[in-house]
$ cat coords-v3.txt   # compact mmCIF, C-alpha atoms and all ligand atoms
# COMPACT_ATOMS: atom_id res chain seq x y z
CA MET A 166 -22.45 -18.31 9.47
CA ILE A 167 -19.23 -17.73 7.62
CA SER A 168 -16.82 -20.40 6.43
CA GLU A 169 -13.53 -21.34 8.04
CA LYS A 170 -11.68 -20.01 5.02
CA MET A 171 -13.51 -16.68 5.15
CA THR A 172 -12.90 -16.47 8.91
CA LYS A 173 -9.17 -16.93 8.30
CA GLU A 174 -9.13 -14.32 5.54
CA LEU A 175 -11.09 -11.77 7.59
CA ASN A 176 -8.70 -12.30 10.51
CA SER A 177 -5.86 -11.65 8.10
CA GLN A 178 -7.61 -8.47 6.85
CA ILE A 179 -7.91 -7.22 10.44
CA ASN A 180 -4.14 -7.65 10.69
CA LYS A 181 -3.58 -5.77 7.42
CA GLU A 182 -5.78 -2.89 8.58
CA MET A 183 -3.93 -2.77 11.91
CA PHE A 184 -0.66 -2.73 9.98
CA SER A 185 -2.02 0.15 7.86
CA SER A 186 -2.72 2.00 11.08
CA TYR A 187 0.78 1.24 12.39
CA LEU A 188 2.41 2.23 9.10
CA TYR A 189 0.65 5.60 8.99
CA LEU A 190 1.44 6.22 12.63
CA SER A 191 5.08 5.51 11.83
CA MET A 192 4.87 7.99 8.96
CA SER A 193 3.28 10.49 11.33
CA ALA A 194 6.17 10.08 13.78
CA TRP A 195 8.67 10.55 10.96
CA PHE A 196 6.92 13.71 9.75
CA GLU A 197 6.99 15.03 13.33
CA SER A 198 10.73 14.35 13.45
CA ILE A 199 11.32 16.54 10.39
CA ASN A 200 8.95 19.27 11.61
CA HIS A 201 6.17 18.74 9.09
CA ASP A 202 3.37 18.98 11.62
CA GLY A 203 0.58 19.17 9.05
CA PHE A 204 1.60 15.95 7.28
CA ALA A 205 2.07 14.38 10.72
CA LYS A 206 -1.47 15.29 11.75
CA TRP A 207 -2.90 14.00 8.48
CA MET A 208 -1.11 10.69 8.94
CA GLN A 209 -2.20 10.42 12.57
CA MET A 210 -5.82 10.85 11.52
CA GLN A 211 -5.30 8.28 8.79
CA ALA A 212 -3.90 5.87 11.37
CA GLN A 213 -7.09 6.32 13.42
CA GLU A 214 -9.22 5.67 10.35
CA GLU A 215 -7.34 2.45 9.69
CA TYR A 216 -7.93 1.30 13.24
CA GLY A 217 -11.61 1.96 12.52
CA HIS A 218 -11.41 -0.27 9.42
CA ALA A 219 -9.96 -3.10 11.53
CA MET A 220 -12.70 -2.64 14.14
CA LYS A 221 -15.41 -2.68 11.47
CA ILE A 222 -14.32 -6.18 10.47
CA TYR A 223 -13.92 -7.13 14.13
CA GLY A 224 -17.52 -6.08 14.81
CA TYR A 225 -18.84 -7.92 11.75
CA MET A 226 -17.05 -11.13 12.73
CA ASN A 227 -18.43 -10.94 16.24
CA ASN A 228 -21.94 -10.44 14.89
CA GLN A 229 -21.46 -13.50 12.70
CA GLY A 230 -20.16 -15.59 15.59
CA ALA A 231 -16.81 -15.98 13.82
CA ARG A 232 -13.74 -16.59 15.97
CA ILE A 233 -11.39 -13.60 15.95
CA GLU A 234 -7.72 -14.35 16.32
CA LEU A 235 -5.29 -11.48 16.35
CA GLY A 236 -1.86 -11.95 14.83
CA ALA A 237 1.40 -10.07 15.36
CA ILE A 238 1.67 -6.69 13.66
CA GLU A 239 4.74 -6.34 11.46
CA LYS A 240 7.23 -3.59 12.26
CA PRO A 241 6.63 -0.72 9.86
CA GLN A 242 9.33 1.25 8.05
CA ALA A 243 10.49 4.18 10.18
CA GLU A 244 12.10 6.58 7.71
CA TRP A 245 11.57 7.83 4.21
CA LYS A 246 13.79 9.94 1.95
CA SER A 247 11.20 12.66 1.41
CA PRO A 248 7.51 13.47 1.91
CA LEU A 249 6.97 12.38 -1.69
CA GLU A 250 8.54 8.99 -1.02
CA ALA A 251 6.36 8.53 2.08
CA PHE A 252 3.12 9.36 0.25
CA GLU A 253 4.13 7.20 -2.72
CA ALA A 254 4.59 4.35 -0.22
CA ALA A 255 1.15 5.13 1.25
CA PHE A 256 -0.41 5.06 -2.24
CA ALA A 257 1.30 1.72 -3.05
CA HIS A 258 0.08 0.34 0.28
CA GLU A 259 -3.50 1.38 -0.50
CA GLN A 260 -3.26 -0.41 -3.86
CA PHE A 261 -2.14 -3.51 -1.98
CA ILE A 262 -5.12 -3.19 0.38
CA THR A 263 -7.50 -2.76 -2.56
CA LYS A 264 -6.25 -6.02 -4.04
CA SER A 265 -6.71 -7.73 -0.70
CA ILE A 266 -10.32 -6.47 -0.40
CA ASN A 267 -11.05 -7.57 -3.97
CA ASP A 268 -9.69 -11.04 -3.16
CA LEU A 269 -12.05 -11.19 -0.17
CA VAL A 270 -15.00 -10.23 -2.35
CA ASN A 271 -14.05 -12.98 -4.83
CA ILE A 272 -14.03 -15.55 -2.02
CA ALA A 273 -17.43 -14.29 -0.77
CA ILE A 274 -18.84 -14.63 -4.30
CA ASP A 275 -17.34 -18.10 -4.77
CA GLU A 276 -18.81 -19.23 -1.44
CA LYS A 277 -22.17 -17.53 -2.13
CA ASP A 278 -21.63 -15.73 1.17
CA HIS A 279 -24.03 -12.86 0.47
CA ALA A 280 -23.77 -11.24 3.89
CA THR A 281 -19.97 -10.93 3.74
CA ASN A 282 -20.13 -9.85 0.12
CA ILE A 283 -22.51 -7.00 1.01
CA PHE A 284 -20.49 -6.14 4.13
CA LEU A 285 -17.37 -5.79 1.97
CA HIS A 286 -19.00 -3.32 -0.42
CA TRP A 287 -18.28 -0.53 2.06
CA PHE A 288 -14.57 -1.41 1.83
CA VAL A 289 -14.65 -1.57 -1.97
CA GLU A 290 -15.99 2.00 -2.08
CA GLU A 291 -13.66 3.15 0.68
CA GLN A 292 -10.64 1.89 -1.27
CA VAL A 293 -11.60 4.00 -4.30
CA GLU A 294 -11.47 7.03 -2.00
CA GLU A 295 -8.32 5.92 -0.19
CA GLU A 296 -6.39 5.48 -3.44
CA ALA A 297 -7.69 8.75 -4.91
CA THR A 298 -6.73 10.73 -1.81
CA ALA A 299 -3.21 9.30 -1.58
CA ASP A 300 -2.64 9.75 -5.31
CA ASP A 301 -3.88 13.35 -5.15
CA ILE A 302 -1.29 14.17 -2.46
CA VAL A 303 1.45 12.40 -4.47
CA GLN A 304 0.57 14.54 -7.51
CA LYS A 305 0.61 17.73 -5.43
CA LEU A 306 3.99 16.82 -3.94
CA LYS A 307 5.33 16.23 -7.45
CA MET A 308 4.08 19.67 -8.50
CA VAL A 309 5.70 21.28 -5.48
CA GLY A 310 9.03 19.55 -6.21
CA GLU A 311 11.92 21.10 -4.31
CA SER A 312 10.05 24.32 -3.45
CA LYS A 313 10.26 24.89 0.30
CA ASN A 314 7.43 27.39 0.06
CA GLY A 315 5.20 24.92 -1.77
CA LEU A 316 5.95 22.21 0.76
CA PHE A 317 5.16 24.60 3.61
CA MET A 318 1.79 25.45 2.02
CA LEU A 319 0.91 21.81 1.43
CA ASP A 320 1.91 20.89 4.98
CA ARG A 321 -0.45 23.59 6.21
CA GLU A 322 -3.27 22.43 3.92
CA LEU A 323 -3.02 18.81 5.08
CA GLY A 324 -2.82 19.91 8.69
CA ARG A 325 -6.37 21.22 8.31
CA ARG A 326 -7.72 17.68 7.92
CA GLY A 327 -10.67 17.18 10.22
CA GLN A 328 -11.38 20.91 10.49
CA GLN A 329 -13.38 21.35 7.26
FE1 LIG A 401 -6.39 2.70 3.92
O1 LIG A 401 -7.86 1.58 3.91
FE2 LIG A 401 -7.85 0.43 5.28
O2 LIG A 401 -6.22 -0.30 5.02

$ encode --input "coords-v3.txt" --output "structure tokens"
Amino acid sequence: MISEKMTKELNSQINKEMFSSYLYLSMSAWFESINHDGFAKWMQMQAQEEYGHAMKIYGYMNNQGARIELGAIEKPQAEWKSPLEAFEAAFAHEQFITKSINDLVNIAIDEKDHATNIFLHWFVEEQVEEEATADDIVQKLKMVGESKNGLFMLDRELGRRGQQ
């Protein structure tokens, strides 16, 4: 059984994960619009992953008999100045999500809610990976700078996501 407070916070985390999905789908659409198909594919896959994060919490709450209440999903930004700006925004968003997960863990510890605490460990580890991946792409985009050739290569590399 999880507390009312934890139920509210997990519902809010579902919303944040759904927003992550929406944000990355919006980035995917923007990349499509500027003909960066590889970045677009990467972002579309990321959007699917985020939906999976939301559903993981959804499944856990159902197993715990906690009442799920879905909130409205905020409208995401639709345009960015450059691929670098978009990936910097993705990295900043992941840092925000990490903080949110850490806050949830703190509540679970305070409430001695061992089951939720252990459930959240998966997310703690996932966030390390999420931040590292986004930061890695930011660093590569910085290296590439204004080089059209470099950007083309990176677009192709990211478009291979899911094939390796
Ligand atoms: Fe990107 O990890 Fe969920 O939100």

$ closest_residue --input "coords-v3.txt" --among "A:Ser247, A:Asn267, A:Gln260, A:Gln328" --to "ligand LIG 401 (chain A)" --atoms "only C-alpha atoms and all ligand atoms"
A:Gln260

$ residues_near_ligand --input "coords-v3.txt" --ligand "ligand LIG 401 (chain A)" --cutoff "12 Å" --atoms "only C-alpha atoms and all ligand atoms" --output "MDAnalysis selection string"
chainID A and resid 177:189 208 210:222 254:266 285 287:299

$ write_last_selection --input "coords-v3.txt" --atoms "C-alpha atoms" --output "compact mmCIF listing (two decimals), in the frame of the given file"
# COMPACT_ATOMS: atom_id res chain seq x y z
CA SER A 177 -5.86 -11.65 8.10
CA GLN A 178 -7.61 -8.47 6.85
CA ILE A 179 -7.91 -7.22 10.44
CA ASN A 180 -4.14 -7.65 10.69
CA LYS A 181 -3.58 -5.77 7.42
CA GLU A 182 -5.78 -2.89 8.58
CA MET A 183 -3.93 -2.77 11.91
CA PHE A 184 -0.66 -2.73 9.98
CA SER A 185 -2.02 0.15 7.86
CA SER A 186 -2.72 2.00 11.08
CA TYR A 187 0.78 1.24 12.39
CA LEU A 188 2.41 2.23 9.10
CA TYR A 189 0.65 5.60 8.99
CA MET A 208 -1.11 10.69 8.94
CA MET A 210 -5.82 10.85 11.52
CA GLN A 211 -5.30 8.28 8.79
CA ALA A 212 -3.90 5.87 11.37
CA GLN A 213 -7.09 6.32 13.42
CA GLU A 214 -9.22 5.67 10.35
CA GLU A 215 -7.34 2.45 9.69
CA TYR A 216 -7.93 1.30 13.24
CA GLY A 217 -11.61 1.96 12.52
CA HIS A 218 -11.41 -0.27 9.42
CA ALA A 219 -9.96 -3.10 11.53
CA MET A 220 -12.70 -2.64 14.14
CA LYS A 221 -15.41 -2.68 11.47
CA ILE A 222 -14.32 -6.18 10.47
CA ALA A 254 4.59 4.35 -0.22
CA ALA A 255 1.15 5.13 1.25
CA PHE A 256 -0.41 5.06 -2.24
CA ALA A 257 1.30 1.72 -3.05
CA HIS A 258 0.08 0.34 0.28
CA GLU A 259 -3.50 1.38 -0.50
CA GLN A 260 -3.26 -0.41 -3.86
CA PHE A 261 -2.14 -3.51 -1.98
CA ILE A 262 -5.12 -3.19 0.38
CA THR A 263 -7.50 -2.76 -2.56
CA LYS A 264 -6.25 -6.02 -4.04
CA SER A 265 -6.71 -7.73 -0.70
CA ILE A 266 -10.32 -6.47 -0.40
CA LEU A 285 -17.37 -5.79 1.97
CA TRP A 287 -18.28 -0.53 2.06
CA PHE A 288 -14.57 -1.41 1.83
CA VAL A 289 -14.65 -1.57 -1.97
CA GLU A 290 -15.99 2.00 -2.08
CA GLU A 291 -13.66 3.15 0.68
CA GLN A 292 -10.64 1.89 -1.27
CA VAL A 293 -11.60 4.00 -4.30
CA GLU A 294 -11.47 7.03 -2.00
CA GLU A 295 -8.32 5.92 -0.19
CA GLU A 296 -6.39 5.48 -3.44
CA ALA A 297 -7.69 8.75 -4.91
CA THR A 298 -6.73 10.73 -1.81
CA ALA A 299 -3.21 9.30 -1.58

$ residues_around --input "coords-v3.txt" --residues "region 304-320 of chain A" --least-positions-apart "2" --cutoff "7 Å" --atoms "all atoms listed in the file" --output "PyMOL selection string"
chain A and resi 201+203-204+249+300-302+322-324

$ residues_around --input "coords-v3.txt" --residues "Asp278 (chain A)" --least-positions-apart "4" --cutoff "10 Å" --atoms "all atoms listed in the file" --output "list in words"
Met166, Ile167, Ser168, Met171, Val270, Ile272, Ala273, Ile274, Asn282 and Ile283 of chain A

$ atom_distance --input "coords-v3.txt" --atom1 "CA of Gly327 (chain A)" --atom2 "CA of Glu197 (chain A)"
18.1 Å

$ atom_distance --input "coords-v3.txt" --atom1 "CA of Asp275 (chain A)" --atom2 "CA of Tyr225 (chain A)"
19.5 Å

$ atom_distance --input "coords-v3.txt" --atom1 "CA of Gly224 (chain A)" --atom2 "CA of Ala280 (chain A)"
13.6 Å

$ closest_residue --input "coords-v3.txt" --among "A:Arg232, A:Ala237, A:Gln209, A:Arg321" --to "Lys170 (chain A)" --atoms "all atoms listed in the file"
A:Arg232

$ residues_around --input "coords-v3.txt" --residues "Trp245 (chain A)" --least-positions-apart "6" --cutoff "12 Å" --atoms "all atoms listed in the file" --output "list in words"
Leu188, Ser191, Met192, Ser193, Ala194, Trp195, Phe196, Ser198, Ile199, Ala251, Phe252, Glu253, Ala254 and Ala255 of chain A

$ closest_residue --input "coords-v3.txt" --among "A:Glu234, A:Met226, A:Lys240, A:Asn176" --to "Thr281 (chain A)" --atoms "all atoms listed in the file"
A:Met226

$ closest_residue --input "coords-v3.txt" --among "A:Ile238, A:Ala243, A:Ala231, A:Leu269" --to "Glu169 (chain A)" --atoms "all atoms listed in the file"
A:Ala231

$ axis_aligned_box --input "coords-v3.txt" --around "region 264-283 of chain A" --padding-each-side "6 Å" --output "AutoDock Vina command-line options"
--center_x -15.1 --center_y -12.6 --center_z -0.5 --size_x 29.8 --size_y 25.2 --size_z 20.7
